[in-house]
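Visitor: My file is input17.txt. It has compact mmCIF, C-alpha atoms:
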# COMPACT_ATOMS: atom_id res chain seq x y z
CA MET A 1 44.40 -26.87 -31.35
CA ASN A 2 45.61 -30.33 -32.27
CA ALA A 3 47.27 -29.95 -35.66
CA ALA A 4 48.85 -33.40 -35.44
CA ARG A 5 45.44 -35.07 -35.68
CA ALA A 6 44.14 -32.98 -38.56
CA GLN A 7 44.17 -34.73 -41.91
CA VAL A 8 44.31 -33.17 -45.36
CA GLU A 9 42.43 -35.20 -47.96
CA PRO A 10 44.09 -35.92 -51.32
CA ILE A 11 41.28 -34.13 -53.21
CA VAL A 12 42.25 -30.95 -55.04
CA GLY A 13 39.58 -28.57 -56.35
CA ARG A 14 39.95 -25.86 -58.99
CA TYR A 15 37.73 -23.68 -61.14
CA LEU A 16 37.57 -24.15 -64.87
CA ASN A 17 36.47 -21.29 -67.10
CA LEU A 18 35.19 -22.47 -70.46
CA GLU A 19 32.50 -22.02 -73.02
CA LEU A 20 29.59 -24.44 -72.83
CA LEU A 21 26.59 -24.38 -75.15
CA GLY A 22 27.83 -21.06 -76.56
CA ARG A 23 28.06 -19.26 -73.22
CA PRO A 24 30.88 -18.64 -70.75
CA HIS A 25 30.76 -20.84 -67.66
CA ARG A 26 32.71 -21.16 -64.43
CA LEU A 27 32.81 -24.78 -63.29
CA TYR A 28 34.13 -26.39 -60.17
CA VAL A 29 36.29 -29.45 -60.84
CA GLU A 30 38.02 -31.69 -58.35
CA GLU A 31 40.30 -34.65 -58.65
CA ALA A 32 42.54 -37.06 -56.81
CA GLY A 33 44.96 -39.80 -57.78
CA GLN A 34 46.97 -40.58 -60.87
CA GLY A 35 46.86 -42.91 -63.83
CA ILE A 36 43.84 -43.83 -65.91
CA PRO A 37 41.44 -40.88 -65.99
CA LEU A 38 38.08 -41.76 -64.46
CA LEU A 39 35.48 -39.05 -65.06
CA CYS A 40 32.59 -39.24 -62.58
CA LEU A 41 29.15 -37.69 -63.09
CA HIS A 42 26.95 -36.89 -60.09
CA THR A 43 23.21 -37.45 -59.77
CA ALA A 44 20.40 -34.98 -60.44
CA GLY A 45 20.32 -32.10 -57.98
CA SER A 46 23.60 -32.98 -56.28
CA ASP A 47 27.31 -32.37 -56.79
CA THR A 48 30.84 -33.77 -56.78
CA ARG A 49 30.82 -34.50 -53.06
CA GLN A 50 29.01 -37.73 -53.84
CA TRP A 51 32.37 -39.13 -54.99
CA ARG A 52 34.26 -38.29 -51.76
CA GLY A 53 34.70 -41.94 -50.81
CA MET A 54 36.36 -42.85 -54.08
CA MET A 55 38.58 -39.80 -53.99
CA ASN A 56 39.85 -40.81 -50.58
CA ASP A 57 40.57 -44.45 -51.33
CA ALA A 58 44.34 -44.82 -51.43
CA GLU A 59 44.29 -48.14 -53.29
CA LEU A 60 42.08 -46.76 -56.06
CA LEU A 61 44.10 -43.57 -56.38
CA ARG A 62 47.28 -45.48 -57.15
CA ASP A 63 45.97 -46.46 -60.57
CA PHE A 64 43.18 -44.01 -61.33
CA ARG A 65 42.96 -40.25 -61.62
CA VAL A 66 39.43 -39.67 -60.33
CA ILE A 67 37.89 -36.47 -61.68
CA ALA A 68 34.47 -34.98 -61.04
CA PHE A 69 32.87 -31.63 -61.85
CA ASP A 70 29.80 -29.85 -60.61
CA MET A 71 27.43 -29.39 -63.52
CA PRO A 72 26.48 -25.77 -64.23
CA TRP A 73 23.93 -24.57 -61.61
CA HIS A 74 25.12 -27.32 -59.21
CA GLY A 75 27.45 -27.36 -56.22
CA LYS A 76 30.13 -24.69 -56.53
CA SER A 77 29.64 -24.20 -60.27
CA SER A 78 27.78 -21.04 -61.20
CA PRO A 79 24.77 -20.78 -63.42
CA PRO A 80 25.51 -18.82 -66.60
CA ALA A 81 25.09 -15.04 -66.60
CA GLY A 82 21.44 -14.14 -67.02
CA TRP A 83 20.17 -17.16 -65.06
CA GLN A 84 17.78 -15.01 -63.07
CA SER A 85 15.49 -14.73 -66.07
CA GLU A 86 15.62 -18.40 -67.08
CA ALA A 87 14.16 -21.70 -66.00
CA TYR A 88 16.79 -24.44 -65.78
CA ARG A 89 15.95 -27.52 -67.82
CA LEU A 90 18.53 -30.17 -68.66
CA THR A 91 18.31 -31.92 -72.03
CA ALA A 92 20.13 -35.00 -73.29
CA SER A 93 22.03 -33.09 -75.96
CA ASP A 94 23.13 -30.32 -73.57
CA TYR A 95 24.21 -32.81 -70.91
CA SER A 96 26.22 -34.81 -73.40
CA ALA A 97 27.82 -31.75 -74.99
CA MET A 98 28.80 -30.27 -71.63
CA THR A 99 30.39 -33.47 -70.38
CA LEU A 100 32.42 -33.97 -73.56
CA ALA A 101 33.49 -30.31 -73.49
CA VAL A 102 34.79 -30.69 -69.94
CA ALA A 103 36.68 -33.86 -70.89
CA ASP A 104 38.24 -31.97 -73.81
CA ALA A 105 39.07 -28.91 -71.71
CA LEU A 106 40.88 -31.14 -69.22
CA ALA A 107 42.63 -32.94 -72.12
CA LEU A 108 41.56 -36.34 -70.80
CA ASP A 109 42.92 -39.16 -72.95
CA LYS A 110 40.21 -41.78 -73.46
CA PRO A 111 38.87 -41.61 -69.92
CA VAL A 112 36.66 -44.13 -68.24
CA VAL A 113 33.34 -42.38 -67.69
CA MET A 114 31.13 -43.36 -64.77
CA GLY A 115 27.80 -41.70 -64.08
CA CYS A 116 25.03 -42.32 -61.59
CA SER A 117 21.28 -41.93 -62.14
CA ILE A 118 21.03 -39.12 -64.72
CA GLY A 119 24.75 -39.75 -65.13
CA GLY A 120 23.97 -43.42 -65.62
CA ARG A 121 21.49 -42.50 -68.33
CA ILE A 122 23.92 -40.21 -70.15
CA ALA A 123 26.52 -42.98 -69.89
CA LEU A 124 24.18 -45.06 -72.05
CA VAL A 125 23.85 -42.14 -74.46
CA PHE A 126 27.65 -42.04 -74.74
CA ALA A 127 27.66 -45.78 -75.44
CA ILE A 128 25.20 -45.12 -78.28
CA GLU A 129 26.69 -41.94 -79.74
CA CYS A 130 30.40 -41.77 -79.07
CA PRO A 131 31.86 -44.97 -77.57
CA GLU A 132 35.23 -44.29 -79.22
CA ARG A 133 35.74 -41.37 -76.85
CA PHE A 134 36.03 -43.65 -73.84
CA ARG A 135 38.19 -46.49 -72.55
CA ALA A 136 35.15 -47.94 -70.78
CA ILE A 137 31.71 -46.79 -69.69
CA ILE A 138 30.20 -47.53 -66.29
CA GLY A 139 26.55 -46.81 -65.60
CA LEU A 140 25.32 -46.77 -62.00
CA GLN A 141 21.56 -46.96 -61.53
CA SER A 142 21.18 -46.86 -65.30
CA GLY A 143 17.84 -47.22 -66.98
CA ALA A 144 16.55 -46.33 -70.42
CA THR A 145 13.51 -44.56 -69.00
CA ILE A 146 11.67 -44.35 -65.71
CA ASP A 147 8.15 -44.91 -64.47
CA PRO A 148 7.13 -41.61 -62.77
CA TYR A 149 5.66 -42.15 -59.33
CA TYR A 150 5.50 -38.62 -57.91
CA GLU A 151 4.48 -35.12 -58.88
CA LEU A 152 7.31 -32.62 -59.49
CA THR A 153 5.42 -29.41 -58.64
CA TRP A 154 6.47 -29.23 -55.02
CA LEU A 155 10.18 -29.62 -55.67
CA HIS A 156 10.25 -25.96 -56.70
CA HIS A 157 7.43 -23.93 -55.24
CA PRO A 158 7.56 -20.74 -53.19
CA SER A 159 5.56 -22.26 -50.34
CA VAL A 160 7.78 -25.35 -49.88
CA HIS A 161 11.48 -25.51 -49.00
CA GLY A 162 12.75 -27.10 -52.21
CA GLY A 163 15.96 -28.41 -50.67
CA GLU A 164 14.22 -30.21 -47.83
CA ALA A 165 11.46 -31.49 -50.10
CA SER A 166 13.91 -32.77 -52.73
CA ALA A 167 16.00 -34.48 -50.07
CA ALA A 168 12.94 -36.07 -48.50
CA TYR A 169 11.68 -37.27 -51.87
CA VAL A 170 14.95 -39.09 -52.60
CA SER A 171 15.71 -40.21 -49.04
CA GLY A 172 14.05 -43.60 -49.39
CA LEU A 173 16.07 -44.44 -52.47
CA MET A 174 18.95 -45.45 -50.23
CA ALA A 175 19.31 -48.83 -48.56
CA PRO A 176 18.15 -48.86 -44.94
CA THR A 177 21.38 -50.68 -44.13
CA SER A 178 23.59 -47.83 -45.37
CA PRO A 179 25.31 -45.93 -42.55
CA ALA A 180 23.22 -43.05 -41.20
CA THR A 181 26.13 -40.62 -41.39
CA GLU A 182 26.65 -41.24 -45.11
CA ARG A 183 22.91 -41.21 -45.86
CA TRP A 184 22.42 -37.88 -44.15
CA GLU A 185 25.56 -36.45 -45.82
CA THR A 186 24.01 -37.46 -49.15
CA LEU A 187 20.75 -35.75 -48.20
CA TRP A 188 22.54 -32.59 -47.07
CA HIS A 189 23.84 -32.17 -50.62
CA TYR A 190 20.24 -32.24 -51.85
CA MET A 191 19.15 -29.75 -49.22
CA GLN A 192 21.88 -27.39 -50.49
CA GLY A 193 20.87 -27.68 -54.13
CA GLY A 194 19.96 -24.47 -55.95
CA PRO A 195 16.24 -23.71 -56.28
CA GLY A 196 14.61 -25.71 -59.04
CA ILE A 197 17.78 -27.52 -60.05
CA PHE A 198 16.76 -31.04 -59.08
CA LYS A 199 13.47 -30.53 -60.90
CA GLY A 200 15.32 -29.12 -63.92
CA ASP A 201 17.55 -32.19 -64.09
CA LEU A 202 14.51 -34.43 -64.01
CA TYR A 203 13.29 -32.82 -67.22
CA PHE A 204 15.96 -34.89 -68.94
CA TYR A 205 15.45 -37.92 -66.75
CA ARG A 206 11.68 -38.22 -66.87
CA GLY A 207 10.82 -36.65 -70.20
CA ALA A 208 10.64 -37.97 -73.72
CA ASP A 209 13.99 -36.33 -74.40
CA GLY A 210 15.74 -38.81 -72.14
CA ASP A 211 13.84 -41.94 -73.15
CA ILE A 212 16.40 -44.05 -75.02
CA ARG A 213 14.69 -47.44 -75.02
CA GLU A 214 14.57 -47.64 -78.79
CA ARG A 215 18.23 -46.67 -79.19
CA LEU A 216 19.84 -49.28 -76.94
CA ALA A 217 20.16 -51.95 -79.61
CA GLY A 218 22.61 -49.65 -81.37
CA ILE A 219 25.21 -50.03 -78.63
CA ASP A 220 28.28 -51.96 -79.72
CA THR A 221 30.18 -53.08 -76.64
CA LYS A 222 33.07 -54.25 -78.83
CA ARG A 223 33.83 -50.59 -79.50
CA CYS A 224 33.78 -49.75 -75.80
CA PRO A 225 33.11 -52.04 -72.82
CA LEU A 226 29.93 -51.21 -70.93
CA TYR A 227 29.32 -52.07 -67.29
CA LEU A 228 26.05 -51.51 -65.43
CA LEU A 229 25.74 -51.74 -61.65
CA THR A 230 22.49 -51.16 -59.80
CA GLY A 231 21.75 -51.10 -56.07
CA GLU A 232 18.96 -53.43 -55.01
CA TYR A 233 17.06 -50.87 -52.90
CA ASP A 234 16.68 -48.34 -55.70
CA TYR A 235 13.05 -48.04 -56.82
CA SER A 236 13.65 -45.11 -59.16
CA VAL A 237 15.86 -47.30 -61.33
CA SER A 238 15.32 -50.74 -59.89
CA PRO A 239 17.46 -53.77 -60.77
CA GLN A 240 14.55 -54.88 -62.97
CA ASP A 241 14.68 -51.55 -64.85
CA THR A 242 18.40 -51.94 -65.53
CA GLN A 243 17.84 -55.56 -66.53
CA LEU A 244 15.27 -54.42 -69.11
CA ALA A 245 17.90 -52.11 -70.60
CA ALA A 246 20.66 -54.72 -70.40
CA ASP A 247 18.49 -57.25 -72.22
CA ARG A 248 18.70 -55.02 -75.30
CA ILE A 249 22.49 -54.61 -75.26
CA ALA A 250 24.72 -57.41 -76.50
CA GLY A 251 27.89 -57.85 -74.47
CA VAL A 252 26.94 -55.60 -71.57
CA LYS A 253 28.07 -56.66 -68.09
CA PHE A 254 25.31 -56.04 -65.55
CA SER A 255 25.32 -56.82 -61.87
CA VAL A 256 23.08 -56.01 -58.94
CA MET A 257 24.66 -54.51 -55.82
CA PRO A 258 23.03 -55.96 -52.69
CA ARG A 259 22.49 -53.62 -49.73
CA LEU A 260 22.89 -50.46 -51.82
CA GLY A 261 20.38 -48.02 -53.27
CA HIS A 262 20.28 -45.15 -55.74
CA PHE A 263 23.41 -43.35 -54.47
CA PRO A 264 25.88 -46.20 -54.04
CA MET A 265 29.09 -44.13 -54.07
CA SER A 266 27.73 -41.71 -51.48
CA GLU A 267 25.38 -43.70 -49.24
CA ASN A 268 27.93 -46.43 -48.51
CA PRO A 269 31.28 -45.72 -50.18
CA ALA A 270 33.13 -48.68 -48.68
CA LEU A 271 30.55 -51.23 -49.80
CA PHE A 272 30.29 -49.62 -53.23
CA LEU A 273 34.05 -49.83 -53.71
CA SER A 274 33.91 -53.56 -53.02
CA TYR A 275 31.62 -53.92 -56.06
CA LEU A 276 33.44 -51.38 -58.23
CA LYS A 277 37.05 -52.44 -57.77
CA PRO A 278 36.76 -55.73 -59.70
CA VAL A 279 35.27 -53.74 -62.61
CA LEU A 280 38.11 -51.22 -62.51
CA ALA A 281 40.67 -54.03 -62.27
CA GLU A 282 39.21 -55.55 -65.42
CA ILE A 283 39.36 -52.21 -67.22
CA LYS A 284 42.94 -51.66 -66.09
CA ALA A 285 43.94 -55.15 -67.25
CA ARG A 286 42.58 -54.40 -70.74
CA GLY A 287 45.04 -51.51 -70.91
CA MET B 288 -20.82 -62.42 -49.17
CA THR B 289 -21.27 -62.13 -45.44
CA ARG B 290 -23.75 -59.79 -43.88
CA TYR B 291 -22.30 -56.46 -42.77
CA SER B 292 -21.34 -56.75 -39.13
CA PHE B 293 -20.92 -53.67 -36.99
CA TRP B 294 -19.03 -55.67 -34.37
CA ALA B 295 -16.57 -57.04 -36.89
CA LYS B 296 -15.61 -53.47 -37.76
CA VAL B 297 -14.90 -52.48 -34.20
CA ARG B 298 -11.72 -54.50 -33.73
CA PRO B 299 -10.20 -55.37 -37.07
CA ALA B 300 -6.68 -56.75 -37.18
CA MET B 301 -3.98 -54.19 -36.59
CA THR B 302 -0.39 -54.24 -37.79
CA LEU B 303 0.90 -50.73 -37.14
CA PRO B 304 1.40 -50.10 -33.41
CA LEU B 305 0.01 -46.58 -33.66
CA ASP B 306 -1.16 -46.73 -30.06
CA VAL B 307 2.46 -46.21 -29.00
CA LEU B 308 3.27 -43.47 -31.52
CA ALA B 309 2.78 -40.49 -29.22
CA GLN B 310 5.07 -42.04 -26.62
CA ARG B 311 7.80 -42.88 -29.14
CA ALA B 312 7.59 -39.46 -30.74
CA LYS B 313 8.35 -37.67 -27.48
CA GLY B 314 11.81 -36.13 -27.51
CA ASP B 315 12.66 -37.36 -31.01
CA GLY B 316 15.23 -34.96 -32.42
CA LEU B 317 14.39 -35.56 -36.05
CA LEU B 318 10.70 -34.81 -35.51
CA ALA B 319 11.66 -31.67 -33.62
CA ARG B 320 13.95 -30.49 -36.41
CA PHE B 321 11.64 -31.16 -39.33
CA GLY B 322 8.28 -30.54 -37.66
CA ARG B 323 8.58 -26.81 -37.19
CA ASP B 324 5.11 -25.18 -37.20
CA LEU B 325 3.38 -28.32 -38.45
CA ASP B 326 -0.34 -28.78 -37.90
CA LEU B 327 -1.58 -31.94 -39.56
CA ALA B 328 -4.54 -34.30 -39.37
CA LEU B 329 -3.28 -37.55 -40.85
CA ILE B 330 -5.38 -40.63 -41.45
CA VAL B 331 -3.36 -43.84 -41.55
CA GLY B 332 -5.11 -46.83 -43.03
CA ASP B 333 -3.96 -50.25 -41.87
CA GLY B 334 -6.07 -52.67 -43.86
CA ASP B 335 -9.66 -52.05 -42.79
CA LEU B 336 -8.63 -50.03 -39.78
CA ASP B 337 -8.23 -46.26 -39.93
CA TRP B 338 -6.38 -44.19 -37.37
CA LEU B 339 -6.40 -40.41 -36.98
CA VAL B 340 -3.04 -38.92 -36.01
CA GLU B 341 -3.28 -35.27 -35.03
CA ILE B 342 -0.12 -33.16 -34.98
CA GLU B 343 -0.16 -29.74 -33.35
CA ARG B 344 2.85 -27.41 -33.64
CA GLY B 345 5.02 -30.41 -34.52
CA VAL B 346 3.88 -32.52 -31.56
CA VAL B 347 1.84 -35.73 -31.79
CA ALA B 348 -1.14 -34.43 -29.80
CA ARG B 349 -3.66 -37.23 -30.26
CA VAL B 350 -3.88 -40.65 -31.88
CA THR B 351 -7.41 -42.00 -32.31
CA ARG B 352 -8.20 -45.55 -33.31
CA GLY B 353 -11.05 -46.08 -35.76
CA PRO B 354 -13.73 -46.58 -36.74
CA LEU B 355 -13.65 -42.85 -37.38
CA ILE B 356 -16.87 -40.97 -37.95
CA MET B 357 -16.47 -38.39 -40.71
CA PRO B 358 -13.09 -37.07 -39.51
CA ARG B 359 -11.49 -33.96 -40.93
CA SER B 360 -8.10 -34.78 -42.43
CA ASP B 361 -5.33 -33.12 -44.43
CA LEU B 362 -3.66 -36.28 -45.64
CA ARG B 363 -4.56 -39.93 -45.96
CA MET B 364 -2.11 -42.81 -46.32
CA ARG B 365 -3.54 -46.30 -46.60
CA ALA B 366 -1.99 -49.71 -47.27
CA ALA B 367 -2.80 -53.35 -46.71
CA SER B 368 -1.82 -54.83 -43.36
CA GLU B 369 0.49 -57.27 -45.15
CA THR B 370 2.32 -54.32 -46.72
CA TRP B 371 2.75 -52.58 -43.37
CA ALA B 372 3.99 -55.84 -41.84
CA ARG B 373 6.84 -55.93 -44.32
CA PHE B 374 7.49 -52.21 -43.86
CA LEU B 375 7.91 -52.83 -40.13
CA GLU B 376 10.58 -55.50 -40.49
CA PRO B 377 13.87 -54.42 -38.88
CA VAL B 378 15.49 -54.56 -42.34
CA PRO B 379 12.53 -54.25 -44.70
CA PRO B 380 12.86 -55.74 -48.17
CA PRO B 381 13.33 -53.50 -51.23
CA GLY B 382 10.05 -51.96 -52.30
CA TYR B 383 8.65 -52.00 -48.75
CA HIS B 384 11.34 -49.99 -46.98
CA ASP B 385 9.97 -46.47 -47.55
CA LEU B 386 6.61 -44.76 -48.15
CA PHE B 387 7.70 -43.65 -51.61
CA ALA B 388 9.01 -47.12 -52.43
CA MET B 389 5.55 -48.41 -51.60
CA ARG B 390 4.06 -45.63 -53.72
CA ARG B 391 6.32 -46.58 -56.65
CA TYR B 392 4.93 -50.11 -56.64
CA ARG B 393 1.34 -48.94 -55.95
CA ARG B 394 1.26 -50.54 -52.52
CA ILE B 395 0.12 -47.40 -50.70
CA GLN B 396 -2.56 -44.85 -51.44
CA ILE B 397 -1.52 -41.28 -50.73
CA GLU B 398 -4.11 -38.54 -51.12
CA GLY B 399 -4.90 -35.13 -49.72
CA ASP B 400 -2.73 -32.04 -49.31
CA ILE B 401 0.38 -33.06 -51.23
CA ARG B 402 1.90 -29.62 -50.75
CA LEU B 403 1.78 -30.08 -47.00
CA MET B 404 3.12 -33.63 -47.34
CA SER B 405 6.03 -32.40 -49.46
CA ALA B 406 6.91 -29.63 -47.02
CA TYR B 407 6.96 -32.06 -44.10
CA LEU B 408 7.90 -35.34 -45.75
CA PHE B 409 10.91 -36.00 -43.50
CA TYR B 410 8.64 -35.62 -40.47
CA ILE B 411 5.95 -37.88 -41.90
CA LYS B 412 8.44 -40.57 -42.91
CA ARG B 413 9.93 -40.43 -39.43
CA LEU B 414 6.54 -41.00 -37.80
CA PHE B 415 6.26 -44.30 -39.63
CA GLU B 416 9.88 -45.28 -38.95
CA LEU B 417 9.21 -44.88 -35.23
CA LEU B 418 6.73 -47.73 -35.47
CA ARG B 419 9.51 -50.20 -36.30
CA PRO B 420 10.65 -52.33 -33.37
CA ARG B 421 14.27 -51.25 -33.67
CA GLU B 422 13.31 -47.59 -33.39
CA ALA B 423 11.57 -48.11 -30.07
CA GLY B 424 13.52 -46.36 -27.37
CA ALA B 425 16.18 -45.28 -29.84
Show the structure stored in the file as C-alpha cells.
Guide:
Amino acid sequence: MNAARAQVEPIVGRYLNLELLGRPHRLYVEEAGQGIPLLCLHTAGSDTRQWRGMMNDAELLRDFRVIAFDMPWHGKSSPPAGWQSEAYRLTASDYSAMTLAVADALALDKPVVMGCSIGGRIALVFAIECPERFRAIIGLQSGATIDPYYELTWLHHPSVHGGEASAAYVSGLMAPTSPATERWETLWHYMQGGPGIFKGDLYFYRGADGDIRERLAGIDTKRCPLYLLTGEYDYSVSPQDTQLAADRIAGVKFSVMPRLGHFPMSENPALFLSYLKPVLAEIKARG
Amino acid sequence: MTRYSFWAKVRPAMTLPLDVLAQRAKGDGLLARFGRDLDLALIVGDGDLDWLVEIERGVVARVTRGPLIMPRSDLRMRAASETWARFLEPVPPPGYHDLFAMRRYRRIQIEGDIRLMSAYLFYIKRLFELLRPREAGA
C-alpha cells in the first residue's frame, strides 16, 4: 500500500432530507470550495459526477463554492417512497420548484446557477420567472426547444439494456477530440442511470411543457446577467439552436465553445474551464 | 436520362472501405464487450453501392459487396458517398462525426429493427469508427 501517493479530493458529499413537491426526499449533495455559491445542475439521466473537473480545480475553488445535487431518482438520490408504482416524468414546474427548494434548504445567498442541457433549459426558465433569485445565470447547451431525431421507446424497454442504450444514444453528442477517458466516464454515468430516468427527463426536454420559445422575450438581463455557452459538436442543442434562442433575448452573452459537445464540463473539463473562467471572472468582478 | 447500364452498377464509386472491416474488427475490445450474443444482417449503403455485413455471435463473419440480390437484412443504414467521406475524416466536422449526428441532420437513412439497433448501438457505431484511417491498427 502506498498511502503517500493517494490523494483525497476536496469534494465533500452529504445527504439532505427535505420535502419536495409535497413528499419527503433524500437527496445527495456535494460541494467544494468557498466564496460565491455556484449551483450546478446535471444533464438528463446523469448525476453530480459530471461536475468533478470543476470541483477539483484549485483556482476556481478559491473564489467559488461549487455545489451540485443529484436530482431525485438520479445518482445517489433516492426516488420518493412509492416509486415502484409510478412512472417518472419530469416537468418544468417540478424541476424549477425542486431546484429552488434545494437552494433554500442550503441557505444559498443569491447563487450563480449553471445548468447543462435540461439544466440549461431550466436556467432559461429561471431567467424568465425568477431572475432576482440569482447573481447570474449560465446556460450550457441551452435551447428553447429541440428538434426530435430519435424514438424514445427503446430507452426504457424490458428487452433492451436501458443504461447501455441511453449511453449509446448520447455518445455522439461529445466532440471526437475530447479525451477518451473523460468521454467514457461520462457514458458510464449514463449506463448507471436508474431504469427509465433518462427517458423521464426527456419528457420535460422534448415535450410541449418544456418549449419556451414564446417566453424568451420576457427575459430581462438587467435584472440578472445571462450567459449561454454551447459546444460546437452538440447536435441535440447545436450552436444554431442556442443562437435562435439568444436572438430573442436582449443583453444575453452567447459564445460557442470549439472542440466541445453536449457535456462540456464532463467530456473535457480542462478545455471547458478555459471557456468558463472568463465568465466567472466577470461575474465575480460585478460583485 | 441515360439508359440503364448493368455494367455501370457493378463497380460504382466506393467511399467506405468495408472490404477491410472484418480484418479491423478482429480482436477489437469494444466490439467484444458490446457485441455479446449479437446476430445481425446489416446493409450499409454508400451512395449507389450496398454492402451486406453479417455479424454472428458478435463476430464480423462476412462482408459482401453489392449489387445484392434480394438480401435478408435486420437493419439498413444508407448515406451519400460525400457524407461518408466527411464521416471518415480523422477529425470529422460537427454534424458528420457520428451516425446519430448524421441522423439529426437527415444525412443518413436508418430503417429496420430499431430495437436491435438500440440494444447494440455501441457495437454498430464502433463498426463504422473502425473504417476511419486513424482507427486502422489501433
Visitor: Between B:Tyr410, B:His384, B:Leu327, B:Ala348, which has the minimum distance to B:Ala372 (counting all atoms listed in the file)?
Guide: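 Checking each candidate against B:Ala372, we get B:His384 as the closest.
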Visitor: May I have the protein, DNA and RNA residues with any atom at most 9 Å from the point (31.5, -35.2, -55.0), counting only C-alpha atoms, written as a list of chain:residue names?
Guide: A:Glu30, A:Cys40, A:Leu41, A:His42, A:Ser46, A:Asp47, A:Thr48, A:Arg49, A:Gln50, A:Trp51, A:Arg52, A:Gly53, A:Met55, A:Ala68, A:Phe69, A:Asp70, A:Gly75, A:Ser266
Visitor: Can you write out as JSON lines which residues of chain A fall within 8 Å of chain B, alongside each residue's closest atom pair and its distance in Å to one decimal, counting all atoms listed in the file and ordering rows by chain and ascending residue number?
Guide:
{"residue": "A:Pro148", "atom": "CA", "partner": "B:Arg391", "partner_atom": "CA", "distance": 7.9}
{"residue": "A:Tyr149", "atom": "CA", "partner": "B:Arg391", "partner_atom": "CA", "distance": 5.2}
{"residue": "A:Trp154", "atom": "CA", "partner": "B:Arg402", "partner_atom": "CA", "distance": 6.3}
{"residue": "A:Leu155", "atom": "CA", "partner": "B:Ser405", "partner_atom": "CA", "distance": 8.0}
{"residue": "A:Val160", "atom": "CA", "partner": "B:Ala406", "partner_atom": "CA", "distance": 5.2}
{"residue": "A:His161", "atom": "CA", "partner": "B:Ala406", "partner_atom": "CA", "distance": 6.5}
{"residue": "A:Glu164", "atom": "CA", "partner": "B:Ala406", "partner_atom": "CA", "distance": 7.4}
{"residue": "A:Ala165", "atom": "CA", "partner": "B:Ser405", "partner_atom": "CA", "distance": 5.5}
{"residue": "A:Ala168", "atom": "CA", "partner": "B:Phe409", "partner_atom": "CA", "distance": 5.4}
{"residue": "A:Tyr169", "atom": "CA", "partner": "B:Leu408", "partner_atom": "CA", "distance": 7.4}
{"residue": "A:Gly172", "atom": "CA", "partner": "B:Asp385", "partner_atom": "CA", "distance": 5.3}
{"residue": "A:Leu173", "atom": "CA", "partner": "B:Ala388", "partner_atom": "CA", "distance": 7.6}
{"residue": "A:Pro176", "atom": "CA", "partner": "B:Val378", "partner_atom": "CA", "distance": 6.8}
{"residue": "A:Thr177", "atom": "CA", "partner": "B:Val378", "partner_atom": "CA", "distance": 7.3}
{"residue": "A:Glu232", "atom": "CA", "partner": "B:Pro381", "partner_atom": "CA", "distance": 6.8}
{"residue": "A:Tyr233", "atom": "CA", "partner": "B:Pro381", "partner_atom": "CA", "distance": 4.9}
{"residue": "A:Asp234", "atom": "CA", "partner": "B:Pro381", "partner_atom": "CA", "distance": 7.6}
{"residue": "A:Tyr235", "atom": "CA", "partner": "B:Ala388", "partner_atom": "CA", "distance": 6.0}
{"residue": "A:Ser236", "atom": "CA", "partner": "B:Arg391", "partner_atom": "CA", "distance": 7.9}
Visitor: Counting all atoms listed in the file, which of B:Arg320, B:Arg394, B:Arg373, B:Arg365 gets nearest to B:Asp333?
Guide: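 Going through B:Arg320, B:Arg394, B:Arg373, B:Arg365 one by one, the smallest distance to B:Asp333 is for B:Arg365.
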Visitor: With only C-alpha atoms as the basis for distance, which of A:Arg89, A:His25, A:Lys76, A:Arg215 is at the shortest distance from A:Tyr203?
Guide: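 Answer, going by the shortest atom-to-atom distance: A:Arg89.
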Visitor: Can you measure atom CA of A:Val29 to atom CA of A:Asn17 for me? One decimal in Å is fine.
Guide: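 Computing it gives 10.3 Å between the two atoms.
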Visitor: Need the shell around A:Ala167: protein/DNA/RNA residues with any atom at most 9 Å away, counting all atoms listed in the file. Skip same-chain ones fewer than 4 positions apart. Format as a list in words?
Guide: Gly162, Gly163, Ser171, Thr186, Leu187, Trp188, His189, Tyr190 and Met191 of chain A; Phe409 of chain B
Visitor: Residues at most 12 Å from stretch 217-226 of chain A, counting only C-alpha atoms, excluding those fewer than 6 positions away in the same chain, as a PyMOL selection string?
Guide: chain A and resi 110-115+120+123-140+142+144+244-255+279-280+282-284+286
Visitor: Please, which residues are within 12 Å of (1.5, -52.6, -39.2) by the file's coordinates, counting all atoms listed in the file, and could they come as a ChimeraX atom specification?
Guide: /B:300-306,331-338,365-376,383,415-420
Visitor: Using only C-alpha atoms, please write the residues we just selected to a file, as a compact mmCIF listing (two decimals), in the frame of the given file.
Guide:
# COMPACT_ATOMS: atom_id res chain seq x y z
CA ALA B 300 -6.68 -56.75 -37.18
CA MET B 301 -3.98 -54.19 -36.59
CA THR B 302 -0.39 -54.24 -37.79
CA LEU B 303 0.90 -50.73 -37.14
CA PRO B 304 1.40 -50.10 -33.41
CA LEU B 305 0.01 -46.58 -33.66
CA ASP B 306 -1.16 -46.73 -30.06
CA VAL B 331 -3.36 -43.84 -41.55
CA GLY B 332 -5.11 -46.83 -43.03
CA ASP B 333 -3.96 -50.25 -41.87
CA GLY B 334 -6.07 -52.67 -43.86
CA ASP B 335 -9.66 -52.05 -42.79
CA LEU B 336 -8.63 -50.03 -39.78
CA ASP B 337 -8.23 -46.26 -39.93
CA TRP B 338 -6.38 -44.19 -37.37
CA ARG B 365 -3.54 -46.30 -46.60
CA ALA B 366 -1.99 -49.71 -47.27
CA ALA B 367 -2.80 -53.35 -46.71
CA SER B 368 -1.82 -54.83 -43.36
CA GLU B 369 0.49 -57.27 -45.15
CA THR B 370 2.32 -54.32 -46.72
CA TRP B 371 2.75 -52.58 -43.37
CA ALA B 372 3.99 -55.84 -41.84
CA ARG B 373 6.84 -55.93 -44.32
CA PHE B 374 7.49 -52.21 -43.86
CA LEU B 375 7.91 -52.83 -40.13
CA GLU B 376 10.58 -55.50 -40.49
CA TYR B 383 8.65 -52.00 -48.75
CA PHE B 415 6.26 -44.30 -39.63
CA GLU B 416 9.88 -45.28 -38.95
CA LEU B 417 9.21 -44.88 -35.23
CA LEU B 418 6.73 -47.73 -35.47
CA ARG B 419 9.51 -50.20 -36.30
CA PRO B 420 10.65 -52.33 -33.37
Visitor: For atom CA of B:Ala312 and atom CA of B:Glu343, determine how far apart the two atoms are, in Å to one decimal place.
Guide: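 It comes out at 12.7 Å.
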Visitor: Please report the interatomic distance between atom CA of A:Arg259 and atom CA of A:Thr230 in Å with one decimal.
Guide: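 Atom-to-atom, atom CA of A:Arg259 and atom CA of A:Thr230 are spaced 10.4 Å apart.
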